[in-house]
Amino acid sequence: MSKVVYRKNGGRRRAGYPLLVLCAVLLFGFSLVNIVWPKRTQLELENRKAAQLPAFSVSALLDGSWQSGFARWMQDQFSLRDAAVNTQRAADEVLFRKAEEGGILLGKDRWMFTKLFTVDDATRKQLAKNVQAVSEFAANHPGKVTFLLAPSASVIYPEELPAGAPMVDENAMLDDIFAKVGQSADVIDLRGTFTDLKDEYLYFKTDHHWTPNGAYRAYEQFCSLKGLTPFDRAAHEPITVTDFQGTHYSATRLWNVENDEITYYPFDSLMTIYKITGEAAYEPETTENIVNMQKFNTRDKYAAFLDGNNGYSTIEGRGTGSILVVKDSYANSFVPYLTENYAKIGVVDFRNFKYGLDSTIEKEGYDEVLVLYNFQTFIADTNLIYISRPSTLS
Amino acid sequence: MVFNSVVFLFCFLPLSLLLYYLVPGRAKNAVLLAESLIFYCWTGVAFLPLIAVLIAFNYLWALLTARAKSKLRGLLPLAAVLVNLGVLVYFKYANFLIDTVNQVAHLGLAALNIGTVLPLGISYYIFKIISYEVDVCTGKIAPEKNFITFAVYVLFFPQLIVGPIVKYREMADQLHDGANRCTPARAEHGAELFVFGLAKKVILADSIGALWTDIIGAGGVGLANVSTPLAWLGIIAYSLQLYFDFAGYSEMSNGLAALLGFDCPANFNLPYISGSITEFWRRWHITLSGWFRDYIYIPLGGNRKGQARQLLNMFLVWAATGIWHGASWNFIAWGLYYFVLLTIEKTFLLKYLKKGKVWPHIYTLFFVVLGWGIFTANQPGAPLGLLLQKLFVPQGGISPVYYLRNYGVLLVLGCVCSSALPHWLWEKISKNTVAKLLVFALLTALCVCYVVAATNATALYANF
């Protein structure tokens, strides 16, 4: 065993122990700063609540749960936490040339894409169930149902992916889904349109959603299928919200991030959000504008559209007839355009509405149904199966 | 509480050191024991009675052994070893043995309800205790008379989770010298070791290890889908991760020990630069192979009783080394794999290896990396048959391009840091105090960033 020789110069060191002093300063300095550093309830940049100091009890101390809570609290409330995470990510991206961070691929031109290298068996089974549920639902409402499945940004901009990224063959999966659902519903496949228009601002770079412009291009295709006249953008003045950093940014904290912009058209339509009390049973909770401007002042700016993901809401439009939109959050920036063409728009998000749809359609007398999802939510969503659940009301 | 967590670095460590340095020398062991107990009970007190009984039993037993008449002297330590090993076997291997017996004899014995979590550090402290008992019996050391001192040796918090397995006789002098063991020079060396160990763990091991997880982990692409080059890349990444994880943790442990005033032997000495498997095992997990040499191989006769007996002894040592890593057949296979390789080297290959320059290193790395393939075969997603087929039957599948793009720099850095280059570089830098402080401060800050941002992966070797 090698013994370390500590003392050269006969036990004297001219410079003392500078490294030891440095370590002591760092160790005790950081620890002290940590104590006085203000504590937070929300980690804004990470989109989650910060751990709080756990309540003390002897039993929690003896089984170790207080200690693990205390450790989480120290971790979350560390002084300079945001700067530390940013530095770690920047080191990964700049020093180590990483092409991936927090499940997000760091593409060329500061693009960020959701990493999807594999679709596991559970997801494949879920996808088959979802396809079947939508198909059954459409077969029960012949001629009424349109199915719009938005492709991932990586399908439209594959050249922006990091070199060699083994993404799943989304094109083949989309072909398959459209072929199956297309037997009973009208389907809208945006790949051709979006690829033709790929120089436009279709998807956010820092977020997993499409932009209001991407949603508009999808809406145009919907209108041409339905023979409707689309909302005329040239006749209206848009509003642009800057400095949007979405969910991809929260995951990656990309050091040289290029902030997104949200350009939207202010509609004066009113939306009523309902409180769900049972199947086809709901009572109005609030009525507000379909765009909640206050949310543009928070980090989660996309949540301004339709004020987030509510179980059931209805919107008054300026057109004729009625349509029910069954959706994930991609529809939130799409639905406002529909106010131009329909008199009444219902919106159902199955994350907060766990009943079959038939009874609601019957009660409200919806003329049409639009099922709007993006690919990545659609394949894994565990709530969409409610769509074909038979009514339990007699 | 892992060393690479905010709570350890900025709460437990500063408080422990402060208190430990402030109390006078004669109280240092008592303070160290209290701190080690808090560390041990950080995950709950469920196993506190176990270790308390073990410490009390072994403390008394060693005193008894030393006083026993010559006839009993052979029996007493045997009983001690059996009791300690019995505890280890009960917690670590009972269900594996029951399962095996059931499969062989179809007895249908019920599995024991001992939980899935091993008592923290049991594989390490049991081996420390056994080394103590045997050394007392053979007269190498006098039994420890002070109960607190003995308890500090067993519970010593820097070594509690993943060793190293330091013998009592290597720590005894400093354990008895509370007044003089802490020196600034030793502490400075300790701080240096600790930060370098921390960097190995949080910057290299955790980042490089993600490649293997990308393949076999939940949500990974699956070993069945990868091409042959990617399978090799994956297993090489795992080899690097295992080394930096364990060597990093061992260095942190020795660094903490030095901060507390103890010189402990290094557990790793650049194993991947070895020119033979024989050399590899002198450089990898040195305290464990040393333990097996001193307490199994040599007592069995070592190489002094003829070649057949030596082979048998080696066989036993390597089967034991394998199973020490876990109750699973792949670990036994991994141990015996090394028995075969070492036997081949001992019988004829070693003299050729000594003459070679480059090929012995390639040969060593090849078999070591392949060995880690066997070693990791108990993980779900990495069955050995599939892995071997992927490695040795050239085939297409997911190409390594993306993984080279994403991990390339880290892999190169990992290879560089497996060599003697960083040490050499650090010696050069250290000649200039300003440069030394600057580099060290930057590295420390970067480590802290990785600790804060990470989810504090525990040490791989804590599970063994």
# chains A, B, ... in the order shown; residues from 1 in each chain; ligands from 1
>>> select_by_dssp(residues="range 92-152 of chain A", states="alpha helix (DSSP H)", output="number ranges by chain")
A: 121-140
>>> write_last_selection(atoms="C-alpha atoms", output="JSON list (two decimals), in the first residue's frame")
[["chain", "number", "residue", "atom", "x", "y", "z"],
["A", 121, "ASP", "CA", -45.50, -2.71, -25.70],
["A", 122, "ALA", "CA", -47.81, -0.98, -23.24],
["A", 123, "THR", "CA", -47.97, 2.09, -25.49],
["A", 124, "ARG", "CA", -48.57, -0.04, -28.59],
["A", 125, "LYS", "CA", -51.49, -1.69, -26.82],
["A", 126, "GLN", "CA", -52.82, 1.69, -25.73],
["A", 127, "LEU", "CA", -52.52, 2.97, -29.30],
["A", 128, "ALA", "CA", -54.50, 0.01, -30.63],
["A", 129, "LYS", "CA", -57.20, 0.68, -28.03],
["A", 130, "ASN", "CA", -57.31, 4.39, -28.90],
["A", 131, "VAL", "CA", -57.56, 3.71, -32.63],
["A", 132, "GLN", "CA", -60.34, 1.23, -31.99],
["A", 133, "ALA", "CA", -62.20, 3.59, -29.66],
["A", 134, "VAL", "CA", -62.13, 6.48, -32.14],
["A", 135, "SER", "CA", -63.12, 4.16, -35.01],
["A", 136, "GLU", "CA", -66.05, 2.75, -33.06],
["A", 137, "PHE", "CA", -67.14, 6.19, -31.99],
["A", 138, "ALA", "CA", -67.02, 7.43, -35.60],
["A", 139, "ALA", "CA", -68.94, 4.39, -36.81],
["A", 140, "ASN", "CA", -71.68, 5.17, -34.27]]
>>> interface_residues(of="chain A", to="chain B", cutoff="6 Å", atoms="only C-alpha atoms", output="PyMOL selection string")
chain A and resi 1+20+31+62-64+71+74-75+84-85+88+96+98-99+118+163-165
>>> atom_distance(atom1="CA of Trp334 in chain B", atom2="CA of Ile374 in chain B")
5.8 Å
>>> atom_distance(atom1="CA of Gly396 in chain B", atom2="CA of Leu223 in chain B")
12.1 Å
